[in-house]
$ cat work-v4.tsv   # TSV, C-alpha atoms
chain	number	residue	atom	x	y	z
F	1	MET	CA	110.32	95.93	95.71
F	2	LEU	CA	109.92	94.17	92.32
F	3	LYS	CA	109.99	97.47	90.43
F	4	LYS	CA	113.20	98.33	92.23
F	5	ILE	CA	114.59	94.97	91.14
F	6	ILE	CA	113.80	95.59	87.48
F	7	ALA	CA	115.34	99.03	87.50
F	8	ALA	CA	118.45	98.00	89.35
F	9	ALA	CA	118.91	94.92	87.23
F	10	ILE	CA	119.61	96.83	84.05
F	11	ALA	CA	123.23	97.31	85.03
F	12	GLY	CA	123.88	93.80	86.32
F	13	GLY	CA	127.19	93.07	87.92
F	14	LEU	CA	126.73	92.21	91.58
F	15	MET	CA	127.77	88.70	92.49
F	16	PHE	CA	128.82	86.42	95.30
F	17	ALA	CA	132.31	86.08	96.68
F	18	ALA	CA	133.83	82.92	95.30
F	19	SER	CA	134.16	80.76	98.40
F	20	PRO	CA	131.01	78.63	98.76
F	21	SER	CA	131.75	78.08	102.44
F	22	ASN	CA	131.66	81.78	103.16
F	23	ALA	CA	129.56	83.24	100.35
F	24	GLN	CA	128.48	86.84	100.55
F	25	THR	CA	127.20	89.65	98.42
F	26	VAL	CA	129.95	91.67	96.74
F	27	GLY	CA	129.89	94.80	94.62
F	28	PRO	CA	129.94	95.36	90.85
F	29	SER	CA	133.73	95.30	90.74
F	30	GLY	CA	134.16	92.69	93.45
F	31	GLU	CA	134.10	95.18	96.34
F	32	ALA	CA	133.71	93.68	99.79
F	33	ALA	CA	130.44	94.60	101.49
F	34	THR	CA	130.39	96.99	104.43
F	35	PRO	CA	127.43	96.50	106.81
F	36	SER	CA	125.17	99.53	106.85
F	37	ALA	CA	125.44	99.64	110.65
F	38	ASP	CA	129.09	100.67	110.20
F	39	VAL	CA	128.12	103.79	108.25
F	40	THR	CA	127.17	106.26	110.96
F	41	LEU	CA	127.52	109.91	111.83
F	42	SER	CA	129.15	110.80	115.15
F	43	ASP	CA	128.02	113.64	117.38
F	44	ALA	CA	130.99	115.61	116.08
F	45	ASP	CA	129.88	114.95	112.50
F	46	ILE	CA	126.38	116.19	113.28
F	47	ALA	CA	127.81	119.34	114.85
F	48	ALA	CA	129.99	119.94	111.81
F	49	LEU	CA	127.02	119.62	109.45
F	50	THR	CA	124.40	121.56	111.41
F	51	GLY	CA	123.79	125.17	110.47
F	52	LYS	CA	125.72	125.06	107.21
F	53	GLY	CA	122.65	125.31	104.99
F	54	TYR	CA	123.34	122.02	103.25
F	55	LYS	CA	120.64	120.61	100.98
F	56	ALA	CA	119.84	117.16	99.64
F	57	ALA	CA	117.81	115.73	96.76
F	58	LEU	CA	116.10	112.33	96.54
F	59	LEU	CA	115.74	111.26	92.91
F	60	TRP	CA	113.80	108.01	92.88
F	61	HIS	CA	112.91	105.65	90.07
F	62	THR	CA	109.30	105.13	91.18
F	63	SER	CA	106.84	105.52	94.06
F	64	SER	CA	106.08	102.56	96.33
F	65	ASP	CA	106.05	101.45	99.96
F	66	PHE	CA	109.69	100.55	99.42
F	67	THR	CA	110.79	103.97	98.14
F	68	ASN	CA	108.66	105.66	100.81
F	69	ALA	CA	110.56	103.71	103.46
F	70	VAL	CA	113.95	104.49	101.91
F	71	SER	CA	112.98	108.17	101.79
F	72	ALA	CA	111.88	108.10	105.43
F	73	GLY	CA	115.21	106.68	106.55
F	74	ALA	CA	117.12	109.23	104.49
F	75	LYS	CA	115.00	112.18	105.62
F	76	ASP	CA	115.34	111.28	109.30
F	77	GLU	CA	119.13	111.14	108.97
F	78	PHE	CA	119.25	114.41	107.05
F	79	THR	CA	116.99	116.07	109.62
F	80	ARG	CA	119.30	114.93	112.40
F	81	ALA	CA	122.13	116.74	110.65
F	82	GLY	CA	120.11	119.86	109.89
F	83	VAL	CA	120.13	119.16	106.15
F	84	GLU	CA	117.11	120.24	104.12
F	85	VAL	CA	115.65	117.82	101.58
F	86	ALA	CA	115.02	120.38	98.86
F	87	VAL	CA	113.87	118.10	96.03
F	88	THR	CA	112.15	114.71	95.85
F	89	THR	CA	111.23	113.23	92.45
F	90	ASP	CA	109.70	110.09	90.93
F	91	ALA	CA	110.87	109.20	87.42
F	92	GLY	CA	108.12	106.65	86.81
F	93	PHE	CA	110.70	104.22	85.38
F	94	ASP	CA	111.46	106.63	82.56
F	95	ALA	CA	115.20	107.26	82.04
F	96	ALA	CA	114.52	110.44	80.05
F	97	ARG	CA	112.30	111.75	82.82
F	98	GLN	CA	114.99	110.93	85.36
F	99	ARG	CA	117.44	113.02	83.38
F	100	SER	CA	114.99	115.92	83.54
F	101	ASP	CA	114.60	115.31	87.28
F	102	ILE	CA	118.37	115.58	87.69
F	103	GLU	CA	118.44	118.91	85.85
F	104	THR	CA	115.60	120.19	88.02
F	105	ALA	CA	117.35	119.06	91.17
F	106	LEU	CA	120.67	120.65	90.21
F	107	ALA	CA	118.92	124.01	89.90
F	108	ALA	CA	118.33	123.78	93.66
F	109	LYS	CA	122.11	123.27	94.16
F	110	PRO	CA	121.95	120.21	96.42
F	111	ASN	CA	125.10	119.13	98.22
F	112	VAL	CA	124.04	115.47	98.28
F	113	ILE	CA	121.93	113.45	95.84
F	114	LEU	CA	120.51	110.00	96.57
F	115	ALA	CA	119.22	108.11	93.54
F	116	LEU	CA	118.64	104.78	91.82
F	117	PRO	CA	120.01	105.26	88.28
F	118	LEU	CA	117.52	103.74	85.85
F	119	ASP	CA	119.87	103.10	82.96
F	120	PRO	CA	123.64	102.86	83.40
F	121	VAL	CA	124.50	104.50	80.07
F	122	THR	CA	121.91	107.28	80.12
F	123	SER	CA	122.52	107.90	83.81
F	124	ALA	CA	126.28	108.25	83.30
F	125	GLU	CA	125.67	111.29	81.12
F	126	ALA	CA	122.76	112.60	83.17
F	127	PHE	CA	124.66	112.65	86.48
F	128	ARG	CA	127.89	114.02	84.98
F	129	GLN	CA	126.98	117.65	85.72
F	130	ALA	CA	126.33	116.75	89.35
F	131	VAL	CA	129.81	115.22	89.53
F	132	LYS	CA	131.31	118.40	87.98
F	133	ASP	CA	129.41	120.51	90.50
F	134	GLY	CA	130.96	118.55	93.36
F	135	THR	CA	127.61	117.13	94.49
F	136	LYS	CA	128.05	113.98	96.56
F	137	LEU	CA	126.26	111.07	94.90
F	138	VAL	CA	125.03	107.93	96.65
F	139	PHE	CA	123.41	105.27	94.49
F	140	LEU	CA	120.83	102.66	95.41
F	141	SER	CA	121.60	99.19	93.96
F	142	ASN	CA	122.94	100.46	90.64
F	143	VAL	CA	125.79	102.59	89.30
F	144	PRO	CA	126.23	104.60	86.08
F	145	SER	CA	128.64	103.13	83.54
F	146	GLY	CA	132.25	104.18	83.96
F	147	TYR	CA	131.78	105.82	87.34
F	148	SER	CA	134.53	105.36	89.93
F	149	HIS	CA	134.14	105.20	93.68
F	150	GLY	CA	135.59	108.18	95.49
F	151	THR	CA	135.85	110.21	92.29
F	152	ASP	CA	132.34	110.15	90.89
F	153	TYR	CA	130.24	108.77	93.75
F	154	ALA	CA	130.46	108.17	97.49
F	155	SER	CA	128.83	104.74	97.86
F	156	ILE	CA	126.50	102.14	96.40
F	157	VAL	CA	123.99	100.90	98.96
F	158	THR	CA	121.84	97.80	98.46
F	159	ASP	CA	120.33	94.78	100.20
F	160	ASP	CA	122.39	91.90	101.53
F	161	LEU	CA	121.14	89.75	98.68
F	162	PHE	CA	122.92	86.58	99.72
F	163	GLN	CA	121.50	86.79	103.23
F	164	MET	CA	117.97	87.21	101.87
F	165	GLY	CA	118.25	83.95	99.95
F	166	LYS	CA	120.02	82.18	102.79
F	167	GLN	CA	117.43	83.24	105.34
F	168	ALA	CA	114.70	82.00	103.00
F	169	ALA	CA	116.40	78.60	102.87
F	170	ASP	CA	116.78	78.51	106.64
F	171	ALA	CA	113.13	79.48	107.13
F	172	LEU	CA	111.81	76.85	104.71
F	173	ALA	CA	114.04	74.19	106.27
F	174	LYS	CA	112.64	75.07	109.69
F	175	GLY	CA	109.10	75.05	108.33
F	176	ILE	CA	109.41	71.48	106.99
F	177	GLY	CA	111.37	70.05	109.90
F	178	GLY	CA	114.79	69.97	108.24
F	179	LYS	CA	114.05	67.21	105.74
F	180	GLY	CA	111.94	66.52	102.68
F	181	LYS	CA	111.43	67.41	99.04
F	182	VAL	CA	111.11	70.99	97.83
F	183	GLY	CA	110.33	72.87	94.66
F	184	TYR	CA	112.34	75.86	93.48
F	185	ILE	CA	110.58	78.60	91.50
F	186	PHE	CA	113.22	81.10	90.39
F	187	HIS	CA	113.15	84.30	88.34
F	188	ASP	CA	113.89	83.29	84.76
F	189	ALA	CA	115.49	86.56	83.63
F	190	SER	CA	118.88	88.22	83.89
F	191	TYR	CA	118.10	90.43	86.90
F	192	TYR	CA	120.97	90.44	89.35
F	193	VAL	CA	118.91	91.13	92.49
F	194	THR	CA	116.53	88.21	92.05
F	195	ASN	CA	119.26	86.02	90.52
F	196	GLN	CA	121.48	86.42	93.58
F	197	ARG	CA	118.69	85.84	96.03
F	198	ASP	CA	117.48	82.76	94.18
F	199	GLN	CA	120.97	81.30	93.86
F	200	ALA	CA	121.65	81.91	97.54
F	201	PHE	CA	118.54	79.95	98.47
F	202	LYS	CA	119.55	77.03	96.26
F	203	SER	CA	123.18	76.94	97.35
F	204	THR	CA	122.23	77.10	101.04
F	205	ILE	CA	119.82	74.18	100.72
F	206	GLU	CA	122.40	72.13	98.85
F	207	LYS	CA	125.24	72.96	101.26
F	208	ASP	CA	123.58	73.16	104.66
F	209	TYR	CA	120.61	70.78	104.45
F	210	PRO	CA	121.62	67.33	103.17
F	211	ASP	CA	118.21	65.89	104.11
F	212	ILE	CA	116.37	68.36	101.88
F	213	LYS	CA	116.35	67.73	98.14
F	214	ILE	CA	115.31	70.18	95.43
F	215	VAL	CA	113.35	67.80	93.21
F	216	ALA	CA	111.56	70.32	90.96
F	217	GLU	CA	112.78	73.57	89.40
F	218	GLN	CA	110.75	76.06	87.40
F	219	GLY	CA	111.72	79.44	86.03
F	220	ILE	CA	109.14	82.22	85.93
F	221	SER	CA	109.21	85.56	84.14
F	222	ASP	CA	105.51	86.48	84.25
F	223	PRO	CA	104.00	86.47	87.76
F	224	ALA	CA	100.55	85.99	86.22
F	225	ARG	CA	101.58	82.45	85.23
F	226	ALA	CA	102.60	81.43	88.74
F	227	GLU	CA	99.42	79.48	89.55
F	228	GLU	CA	99.59	77.59	86.26
F	229	LEU	CA	103.28	76.71	86.66
F	230	ALA	CA	102.86	75.71	90.30
F	231	SER	CA	99.89	73.48	89.44
F	232	ALA	CA	102.04	71.66	86.86
F	233	MET	CA	104.86	71.28	89.40
F	234	LEU	CA	102.47	69.87	92.00
F	235	LEU	CA	100.91	67.51	89.49
F	236	GLN	CA	104.31	65.99	88.77
F	237	ASN	CA	105.43	66.18	92.41
F	238	PRO	CA	102.37	65.80	94.65
F	239	ASP	CA	104.50	65.02	97.70
F	240	LEU	CA	106.41	68.32	97.88
F	241	ASP	CA	107.07	69.43	101.44
F	242	GLY	CA	107.93	72.98	100.50
F	243	ILE	CA	108.28	75.49	97.66
F	244	TYR	CA	110.57	78.49	97.38
F	245	VAL	CA	109.12	81.32	95.28
F	246	THR	CA	111.31	84.15	94.01
F	247	TRP	CA	109.13	87.01	95.29
F	248	ALA	CA	105.75	87.69	96.86
F	249	GLU	CA	103.57	88.37	93.81
F	250	PRO	CA	104.09	84.97	92.14
F	251	ALA	CA	104.00	83.38	95.60
F	252	ASP	CA	100.35	84.45	95.78
F	253	GLY	CA	99.73	82.46	92.59
F	254	VAL	CA	101.49	79.42	94.06
F	255	LEU	CA	99.31	79.76	97.13
F	256	SER	CA	96.21	79.72	94.90
F	257	ALA	CA	97.47	76.53	93.26
F	258	LEU	CA	97.87	74.83	96.64
F	259	ARG	CA	94.37	75.85	97.66
F	260	ALA	CA	92.90	74.64	94.37
F	261	ASN	CA	94.54	71.26	94.99
F	262	GLY	CA	93.35	71.09	98.58
F	263	ASN	CA	97.00	70.97	99.60
F	264	THR	CA	97.57	71.94	103.23
F	265	LYS	CA	100.93	70.17	103.58
F	266	THR	CA	103.31	72.07	101.26
F	267	LYS	CA	104.94	75.09	102.88
F	268	ILE	CA	105.92	78.27	101.01
F	269	VAL	CA	108.70	80.74	101.67
F	270	THR	CA	109.14	83.87	99.58
F	271	LEU	CA	110.88	87.25	99.53
F	272	ASP	CA	109.47	90.74	100.14
F	273	LEU	CA	106.36	91.77	102.04
F	274	ALA	CA	102.86	91.70	100.58
F	275	GLU	CA	99.42	91.54	102.18
F	276	PRO	CA	98.01	88.34	100.57
F	277	VAL	CA	100.92	86.08	101.51
F	278	ALA	CA	101.32	87.71	104.92
F	279	LEU	CA	97.65	87.15	105.66
F	280	ASP	CA	97.99	83.45	104.85
F	281	MET	CA	101.09	83.26	107.06
F	282	VAL	CA	99.52	84.77	110.16
F	283	LYS	CA	96.44	82.55	109.74
F	284	GLY	CA	98.67	79.48	109.95
F	285	GLY	CA	98.37	78.63	106.26
F	286	SER	CA	100.94	77.43	103.75
F	287	VAL	CA	103.27	80.44	103.95
F	288	THR	CA	105.81	79.76	106.69
F	289	ALA	CA	107.92	82.93	106.43
F	290	LEU	CA	108.68	86.05	104.38
F	291	VAL	CA	112.19	87.47	104.01
F	292	ALA	CA	112.50	91.21	103.43
F	293	ASP	CA	115.10	93.94	103.23
F	294	LYS	CA	115.34	96.81	105.69
F	295	ALA	CA	114.34	99.60	103.35
F	296	TYR	CA	114.33	102.30	106.04
F	297	GLU	CA	117.90	101.34	106.95
F	298	LEU	CA	118.90	101.56	103.28
F	299	GLY	CA	117.82	105.20	103.24
F	300	ARG	CA	119.51	106.02	106.51
F	301	ALA	CA	122.79	104.52	105.36
F	302	MET	CA	122.58	106.32	102.01
F	303	ALA	CA	122.14	109.67	103.72
F	304	ALA	CA	124.94	108.96	106.19
F	305	ALA	CA	127.34	107.98	103.39
F	306	GLY	CA	126.54	111.16	101.47
F	307	LEU	CA	127.05	113.34	104.52
F	308	LYS	CA	130.32	111.64	105.47
F	309	SER	CA	131.56	112.32	101.94
F	310	LEU	CA	130.45	115.93	102.28
F	311	LEU	CA	132.64	116.15	105.38
F	312	GLY	CA	135.59	114.84	103.39
F	313	GLN	CA	135.60	111.50	105.19
F	314	PRO	CA	136.29	108.20	103.39
F	315	THR	CA	133.18	106.23	102.50
F	316	PRO	CA	132.84	102.51	101.71
F	317	ALA	CA	132.36	101.68	98.05
F	318	PHE	CA	129.67	99.08	98.66
F	319	VAL	CA	127.24	98.97	101.59
F	320	VAL	CA	124.57	96.37	102.37
F	321	ALA	CA	121.58	96.63	104.69
F	322	PRO	CA	120.55	93.50	106.57
F	323	ALA	CA	117.85	91.03	105.67
F	324	LEU	CA	114.93	90.27	107.97
F	325	THR	CA	112.91	87.08	108.37
F	326	VAL	CA	109.27	87.87	109.10
F	327	THR	CA	106.98	85.25	110.65
F	328	LYS	CA	103.60	85.25	112.34
F	329	ASP	CA	105.32	85.94	115.66
F	330	ASN	CA	107.09	89.14	114.56
F	331	VAL	CA	104.95	90.35	111.67
F	332	SER	CA	104.08	93.70	113.24
F	333	ASP	CA	107.62	94.57	114.24
F	334	GLY	CA	109.05	93.11	111.02
F	335	TRP	CA	106.83	95.25	108.82
F	336	LYS	CA	107.88	98.38	110.69
F	337	GLN	CA	111.58	97.47	110.54
F	338	SER	CA	111.38	96.84	106.81
F	339	LEU	CA	108.96	99.43	105.50
F	340	ASN	CA	108.67	101.91	108.38
F	341	ARG	CA	104.90	101.53	108.42
F	342	ASP	CA	102.31	99.37	110.10
F	343	ALA	CA	101.40	96.05	108.54
F	344	PRO	CA	98.01	96.05	106.75
F	345	GLN	CA	95.14	96.07	109.22
F	346	SER	CA	93.88	92.73	107.92
F	347	VAL	CA	97.24	91.16	108.80
F	348	LEU	CA	97.36	92.77	112.25
F	349	ASP	CA	93.80	91.66	113.00
F	350	ALA	CA	94.47	88.09	111.91
F	351	ALA	CA	97.67	87.94	113.92
F	352	LYS	CA	95.91	88.75	117.20

$ encode --input "work-v4.tsv" --output "structure tokens"
Amino acid sequence: MLKKIIAAAIAGGLMFAASPSNAQTVGPSGEAATPSADVTLSDADIAALTGKGYKAALLWHTSSDFTNAVSAGAKDEFTRAGVEVAVTTDAGFDAARQRSDIETALAAKPNVILALPLDPVTSAEAFRQAVKDGTKLVFLSNVPSGYSHGTDYASIVTDDLFQMGKQAADALAKGIGGKGKVGYIFHDASYYVTNQRDQAFKSTIEKDYPDIKIVAEQGISDPARAEELASAMLLQNPDLDGIYVTWAEPADGVLSALRANGNTKTKIVTLDLAEPVALDMVKGGSVTALVADKAYELGRAMAAAGLKSLLGQPTPAFVVAPALTVTKDNVSDGWKQSLNRDAPQSVLDAAK
């Protein structure tokens, strides 16, 4: 997920709706979010699509469990509609390579393209031929510069970023009994995905949990420094009841710091799924919960939006897939819902 964050963050732009009492994720131009569950194909839609020889292309930014899950959701929806996935590519986080991937895909004449644009400026030019060809474009988390909904693309689909942060706050509050002192380790870079999630955690604690105080804050840009930074935070605040960590990789470093200090009291909550932190969680360690996106659902909704556009139906400008809180009790089901694969065997064994 982190690599997706970095790629998507280049464009920036997503934010929260202004009202703190009813905050939510909104789109790059302030678009209201449509739940992914509302973007569906009816039986009549499926009948209208089947047998037409339509083709799709999946042009991804990288390869990972996350992109594999997004692809699986998209492919299942395309298969249901009788649409062939003719091209699947991995740009390896190279914008020039992505442009080449687009040219390769267009040679196959796809009717729908799903993609995460790596660079908003480069991508605007690279996808222009697809727009001219009438190919329906659905973007994951990012949008090329100057592109307009309904004219240049069908939908942007991303995570419900506010809900991810909010659920992390709720989970940590539950883990420490609704009161105490917590540390806040946020992503110290201008990346809208992590920024929104982090800010949602902080605002939820401040608004909904008056008996919980954020007494220590630390930005992090290099996950390799997480143990060092957490050790310093714990030295200054040895009585912390909990720590929020911006994503799973640095959370593993924070976990190492707790172990090095012999600290079995401080609870951790973090975002995204990873084996080391999940293993600690199911063993009853410091990690109390993990909050993840539903990557498979992202792919399904992307495919559905593209196909609805192909049918000439209106499509929402901005779509969000739900967040999911994963605990020891639902780790097996949660992993499947998020990543469309089994949890690591070590986690499943420890959870028994």

$ residues_around --input "work-v4.tsv" --residues "range 139-156 of chain F" --least-positions-apart "5" --cutoff "7 Å" --atoms "all atoms listed in the file" --output "JSON, numbers by chain"
{"F": [8, 11, 114, 115, 116, 117, 120, 121, 123, 124, 131, 305, 306, 309, 315, 316, 317, 318, 319]}

$ closest_residue --input "work-v4.tsv" --among "F:Val245, F:Leu161, F:Ala169, F:Ala216" --to "Tyr192 in chain F" --atoms "all atoms listed in the file"
F:Leu161

$ closest_residue --input "work-v4.tsv" --among "F:Ser231, F:Gln313, F:Ser64, F:Gln337" --to "Val39 in chain F" --atoms "all atoms listed in the file"
F:Gln313

$ residues_around --input "work-v4.tsv" --residues "Met302 in chain F" --least-positions-apart "5" --cutoff "7 Å" --atoms "all atoms listed in the file" --output "NGL selection string"
:F and (74 or 114 or 138 or 157)

$ closest_residue --input "work-v4.tsv" --among "F:Met164, F:Ile220, F:Leu339, F:Leu298" --to "Ala321 in chain F" --atoms "only C-alpha atoms"
F:Leu298

$ atom_distance --input "work-v4.tsv" --atom1 "CA of Ser221 in chain F" --atom2 "CA of Phe201 in chain F"
18.0 Å

$ atom_distance --input "work-v4.tsv" --atom1 "CA of Ala33 in chain F" --atom2 "CA of Ala301 in chain F"
13.1 Å

$ residues_around --input "work-v4.tsv" --residues "Gln167 in chain F" --least-positions-apart "6" --cutoff "12 Å" --atoms "only C-alpha atoms" --output "ChimeraX atom specification"
/F:160-161,173-174,197-198,200-205,208,244,269-271,289-293,322-327

$ atom_distance --input "work-v4.tsv" --atom1 "CA of Asp333 in chain F" --atom2 "CA of Leu41 in chain F"
25.2 Å

$ closest_residue --input "work-v4.tsv" --among "F:Asp188, F:Asp252, F:Asp241, F:Glu227" --to "Asp211 in chain F" --atoms "all atoms listed in the file"
F:Asp241

$ closest_residue --input "work-v4.tsv" --among "F:Ala248, F:Ala171, F:Leu58, F:Ala351" --to "Gln98 in chain F" --atoms "all atoms listed in the file"
F:Leu58

$ residues_around --input "work-v4.tsv" --residues "Arg80 in chain F" --least-positions-apart "6" --cutoff "12 Å" --atoms "all atoms listed in the file" --output "ChimeraX atom specification"
/F:40-43,45-51,73-74,300,303-304,307

$ closest_residue --input "work-v4.tsv" --among "F:Leu240, F:Ala72, F:Ala96, F:Val182" --to "Arg341 in chain F" --atoms "all atoms listed in the file"
F:Ala72

$ axis_aligned_box --input "work-v4.tsv" --around "range 245-262 of chain F" --padding-each-side "6 Å" --output "JSON"
{"center_x": 102.1, "center_y": 79.7, "center_z": 95.4, "size_x": 30.4, "size_y": 29.3, "size_z": 18.4}
